[in-house]
Amino acid sequence: MSNHFTGLSLGAPLGDQRLDLCDLYAFGAPGDPSRTVLILNANPVADALHPDAVYRMNIDNDGDYLTDIAFSWVFSPPAADGSQTYSVHMATGAESRRPEAVGTKIVSDAAVSFDTEANVVVSGDYTVAAGSRSDAFFFDFDGVQNLFDTSGKRNFTEPHLTGESPWTGVDSNTTANVFSMAIELPTTALAPQPELHIWGRCSVLRDGRLVHADRAGHPSVSSFFNTDDTKEEYNASEPVNDRARWTDQFVHLLGHTGNYTREEAIVALDEHGILPDVLHFDPSKQAAYPNGRTFTEDVIDIRVAFLTKNEAPPSGLAPHSDTLDRFPYLGNPHPATAS
């Protein structure tokens, strides 16, 4: 849940966990370099998603940070027994920039899986699944709280670098589940030139219009770089405007967390490709963050090292061992009593 805590007071966006985007992954399909896997996780409670929301994977394939391809997921109201269905739309070009779920419907009224086995749907060249899965994100939450000051309106700022390790060595997510939306498709359908820019978006219907509630690009950027004063604006904003709107704020934060000068901060932001806040993925190269993202990179270590100019020690945690080598790649969900 590297994109967690993006709502006010370290809560969920608009106070609703169903609208909380948790992680975004992009990598080549194991054993088939001609296909790409995209996974967007939401809702750390891993129950039904919001029936008035649109969950979207946006893809820019020509470098202008405007959506060229969009996969939009919409969900039915949960039935009395808790079951839910979903549909997936694929839109391209100008149509992909509309906030609604538009375009060609590639999955229609498929069953969401809440049990152990994922309900995998094959629709032409697309393989799709949606439902509860084991969360692959690993982090030491108590250690993060030891390291950063979260008082007032702060959001993981003012690190306490005392010379002693803040880490507890305990992975807070060993039994966590998350709601996952996964799609595998031919890489040629994404038309990378050669890099893709990918970001997740969650919008919800309010007073007759769709309101952008959350977005996810780089792991832990939205969580660490925003405060209560800016979260809702950031969640609703578009990547194409990120450099102009957010550079000064990000530079200011890096001055506090890592004693960066303004010049050093701008160079670091550019070297790491933090703004615009999108996941970069060149499918012709091996996926490993920051080129795409798999389940094995310790993105919290990467982000904390970046924030503190390498002053904070690594946490020493290991990736989860329950991920799969087959679609939908995230492990089977943990029993509800243990999550």
# chains A, B, ... in the order shown; residues from 1 in each chain; ligands from 1

$ select_by_dssp --residues "segment 186-226 of chain A" --states "strand (DSSP E)" --output "NGL selection string"
:A and (186 or 196-206 or 209-216)

$ residues_around --residues "segment 216-222 of chain A" --least-positions-apart "5" --cutoff "10 Å" --atoms "only C-alpha atoms" --output "ChimeraX atom specification"
/A:1-7,20-25,40-41,57-58,155,197-202,227,231,234-235,239,250,272-280,289-290,292-293,299-300,302-304

$ residues_around --residues "segment 253-255 of chain A" --least-positions-apart "4" --cutoff "9 Å" --atoms "only C-alpha atoms" --output "ChimeraX atom specification"
/A:157-158,225-226,248-249,259-262,265,306-309

$ residues_around --residues "Pro194 of chain A" --least-positions-apart "5" --cutoff "8 Å" --atoms "only C-alpha atoms" --output "list of chain:residue names"
A:Asn61, A:Asp282, A:Pro283, A:Ser284

$ residues_around --residues "Ser76 of chain A" --least-positions-apart "6" --cutoff "7 Å" --atoms "only C-alpha atoms" --output "PDB file with all heavy atoms, in the first residue's frame"
ATOM      1  N   PRO A  51     -19.517   1.371  -6.168  1.00  0.00           N
ATOM      2  CA  PRO A  51     -20.304   1.215  -7.389  1.00  0.00           C
ATOM      3  C   PRO A  51     -20.503   2.518  -8.160  1.00  0.00           C
ATOM      4  O   PRO A  51     -20.942   2.475  -9.315  1.00  0.00           O
ATOM      5  CB  PRO A  51     -21.641   0.656  -6.884  1.00  0.00           C
ATOM      6  CG  PRO A  51     -21.742   1.141  -5.475  1.00  0.00           C
ATOM      7  CD  PRO A  51     -20.333   1.138  -4.943  1.00  0.00           C
ATOM      8  N   GLN A  84     -20.129  -9.221  -6.212  1.00  0.00           N
ATOM      9  CA  GLN A  84     -20.063  -8.019  -7.028  1.00  0.00           C
ATOM     10  C   GLN A  84     -19.568  -8.404  -8.416  1.00  0.00           C
ATOM     11  O   GLN A  84     -18.833  -9.378  -8.570  1.00  0.00           O
ATOM     12  CB  GLN A  84     -19.121  -6.996  -6.385  1.00  0.00           C
ATOM     13  CG  GLN A  84     -19.186  -5.590  -6.967  1.00  0.00           C
ATOM     14  CD  GLN A  84     -18.355  -4.596  -6.157  1.00  0.00           C
ATOM     15  OE1 GLN A  84     -17.314  -4.931  -5.594  1.00  0.00           O
ATOM     16  NE2 GLN A  84     -18.809  -3.343  -6.080  1.00  0.00           N
ATOM     17  N   THR A  85     -19.992  -7.659  -9.419  1.00  0.00           N
ATOM     18  CA  THR A  85     -19.496  -7.876 -10.772  1.00  0.00           C
ATOM     19  C   THR A  85     -18.796  -6.611 -11.254  1.00  0.00           C
ATOM     20  O   THR A  85     -18.937  -5.539 -10.669  1.00  0.00           O
ATOM     21  CB  THR A  85     -20.627  -8.247 -11.747  1.00  0.00           C
ATOM     22  OG1 THR A  85     -21.562  -7.163 -11.820  1.00  0.00           O
ATOM     23  CG2 THR A  85     -21.339  -9.517 -11.302  1.00  0.00           C
ATOM     24  N   TYR A  86     -18.037  -6.756 -12.352  1.00  0.00           N
ATOM     25  CA  TYR A  86     -17.317  -5.601 -12.893  1.00  0.00           C
ATOM     26  C   TYR A  86     -17.283  -5.675 -14.409  1.00  0.00           C
ATOM     27  O   TYR A  86     -17.422  -6.742 -15.019  1.00  0.00           O
ATOM     28  CB  TYR A  86     -15.888  -5.549 -12.346  1.00  0.00           C
ATOM     29  CG  TYR A  86     -14.969  -6.617 -12.887  1.00  0.00           C
ATOM     30  CD1 TYR A  86     -14.132  -6.373 -13.975  1.00  0.00           C
ATOM     31  CD2 TYR A  86     -14.925  -7.896 -12.317  1.00  0.00           C
ATOM     32  CE1 TYR A  86     -13.299  -7.359 -14.474  1.00  0.00           C
ATOM     33  CE2 TYR A  86     -14.089  -8.878 -12.805  1.00  0.00           C
ATOM     34  CZ  TYR A  86     -13.275  -8.604 -13.890  1.00  0.00           C
ATOM     35  OH  TYR A  86     -12.454  -9.592 -14.398  1.00  0.00           O
TER      36      TYR A  86
END

$ select_by_dssp --residues "segment 239-338 of chain A" --states "helix (DSSP H, G or I)" --output "JSON, numbers by chain"
{"A": [239, 240, 241, 242, 243, 244, 245, 246, 247, 248, 249, 250, 251, 252, 253, 254, 255, 256, 257, 258, 262, 263, 264, 265, 266, 267, 268, 269, 270, 271, 272, 299, 300, 301, 302, 303, 304, 305, 306, 307, 336, 337, 338]}

$ residues_around --residues "Gly124 of chain A" --least-positions-apart "3" --cutoff "12 Å" --atoms "only C-alpha atoms" --output "VMD selection string"
chain A and resid 105 to 107 121 127 to 128 184 to 186

$ atom_distance --atom1 "atom CA of Ala118 of chain A" --atom2 "atom CA of Asp81 of chain A"
18.1 Å

$ atom_distance --atom1 "atom CA of Thr174 of chain A" --atom2 "atom CA of Arg133 of chain A"
12.4 Å

$ atom_distance --atom1 "atom CA of Gly131 of chain A" --atom2 "atom CA of Ile39 of chain A"
11.6 Å

$ closest_residue --among "A:Ala336, A:Leu161, A:Ala101, A:Ala111" --to "Val74 of chain A" --atoms "only C-alpha atoms"
A:Ala101

$ decode --residues "segment 255-280 of chain A" --atoms "N, CA, C and O atoms" --output "CSV table (one decimal), in the first residue's frame"
chain,number,residue,atom,x,y,z
A,255,GLY,N,14.3,20.1,1.1
A,255,GLY,CA,15.2,20.9,2.0
A,255,GLY,C,15.0,20.5,3.4
A,255,GLY,O,16.0,20.5,4.2
A,256,HIS,N,13.8,20.1,3.8
A,256,HIS,CA,13.6,19.7,5.2
A,256,HIS,C,14.0,18.3,5.5
A,256,HIS,O,14.5,18.0,6.6
A,257,THR,N,13.8,17.4,4.6
A,257,THR,CA,14.0,16.0,4.9
A,257,THR,C,15.5,15.6,4.6
A,257,THR,O,15.9,14.6,5.2
A,258,GLY,N,16.1,16.2,3.7
A,258,GLY,CA,17.5,15.8,3.3
A,258,GLY,C,18.5,17.0,3.2
A,258,GLY,O,19.6,16.7,2.7
A,259,ASN,N,18.1,18.2,3.7
A,259,ASN,CA,19.0,19.3,3.6
A,259,ASN,C,19.5,19.6,2.2
A,259,ASN,O,20.6,20.0,1.9
A,260,TYR,N,18.6,19.3,1.2
A,260,TYR,CA,18.9,19.6,-0.2
A,260,TYR,C,18.9,21.1,-0.4
A,260,TYR,O,18.0,21.8,0.1
A,261,THR,N,19.9,21.6,-1.2
A,261,THR,CA,19.7,23.0,-1.7
A,261,THR,C,18.7,22.9,-2.8
A,261,THR,O,18.3,21.8,-3.3
A,262,ARG,N,18.2,24.1,-3.2
A,262,ARG,CA,17.2,24.1,-4.3
A,262,ARG,C,17.7,23.5,-5.5
A,262,ARG,O,17.0,22.7,-6.2
A,263,GLU,N,19.0,23.8,-5.9
A,263,GLU,CA,19.6,23.2,-7.1
A,263,GLU,C,19.7,21.7,-7.0
A,263,GLU,O,19.4,21.0,-7.9
A,264,GLU,N,20.2,21.2,-5.8
A,264,GLU,CA,20.3,19.8,-5.6
A,264,GLU,C,18.9,19.1,-5.7
A,264,GLU,O,18.8,18.0,-6.3
A,265,ALA,N,17.9,19.7,-5.1
A,265,ALA,CA,16.6,19.1,-5.1
A,265,ALA,C,16.0,19.0,-6.6
A,265,ALA,O,15.5,17.9,-6.9
A,266,ILE,N,16.2,20.0,-7.4
A,266,ILE,CA,15.7,20.0,-8.7
A,266,ILE,C,16.4,18.9,-9.5
A,266,ILE,O,15.8,18.1,-10.3
A,267,VAL,N,17.8,18.8,-9.4
A,267,VAL,CA,18.5,17.8,-10.1
A,267,VAL,C,18.0,16.4,-9.6
A,267,VAL,O,17.8,15.5,-10.5
A,268,ALA,N,17.8,16.2,-8.3
A,268,ALA,CA,17.4,14.9,-7.8
A,268,ALA,C,16.0,14.5,-8.3
A,268,ALA,O,15.8,13.4,-8.7
A,269,LEU,N,15.1,15.5,-8.3
A,269,LEU,CA,13.7,15.2,-8.8
A,269,LEU,C,13.8,14.8,-10.3
A,269,LEU,O,13.1,13.9,-10.7
A,270,ASP,N,14.6,15.5,-11.1
A,270,ASP,CA,14.8,15.2,-12.5
A,270,ASP,C,15.4,13.8,-12.7
A,270,ASP,O,15.0,13.0,-13.5
A,271,GLU,N,16.5,13.5,-11.9
A,271,GLU,CA,17.2,12.2,-12.1
A,271,GLU,C,16.3,11.1,-11.8
A,271,GLU,O,16.4,10.0,-12.4
A,272,HIS,N,15.4,11.2,-10.8
A,272,HIS,CA,14.5,10.1,-10.4
A,272,HIS,C,13.2,10.2,-11.2
A,272,HIS,O,12.4,9.3,-11.0
A,273,GLY,N,13.0,11.2,-12.0
A,273,GLY,CA,11.8,11.3,-12.8
A,273,GLY,C,10.5,11.4,-11.9
A,273,GLY,O,9.5,10.9,-12.3
A,274,ILE,N,10.6,12.1,-10.8
A,274,ILE,CA,9.5,12.1,-9.9
A,274,ILE,C,8.3,13.0,-10.4
A,274,ILE,O,7.2,12.7,-10.2
A,275,LEU,N,8.6,14.1,-11.1
A,275,LEU,CA,7.6,14.9,-11.7
A,275,LEU,C,7.8,14.9,-13.2
A,275,LEU,O,8.9,15.2,-13.7
A,276,PRO,N,6.7,14.7,-13.9
A,276,PRO,CA,5.3,14.3,-13.5
A,276,PRO,C,5.3,13.0,-12.8
A,276,PRO,O,6.1,12.1,-13.0
A,277,ASP,N,4.3,12.9,-11.9
A,277,ASP,CA,4.2,11.7,-11.0
A,277,ASP,C,3.5,10.6,-11.8
A,277,ASP,O,2.3,10.4,-11.6
A,278,VAL,N,4.3,9.9,-12.6
A,278,VAL,CA,3.8,8.8,-13.4
A,278,VAL,C,4.8,7.6,-13.3
A,278,VAL,O,6.0,7.9,-13.1
A,279,LEU,N,4.4,6.4,-13.5
A,279,LEU,CA,5.3,5.3,-13.5
A,279,LEU,C,5.8,5.2,-14.9
A,279,LEU,O,5.1,5.1,-15.9
A,280,HIS,N,7.2,5.2,-15.0
A,280,HIS,CA,7.8,5.0,-16.3
A,280,HIS,C,8.1,3.6,-16.6
A,280,HIS,O,8.5,2.8,-15.7
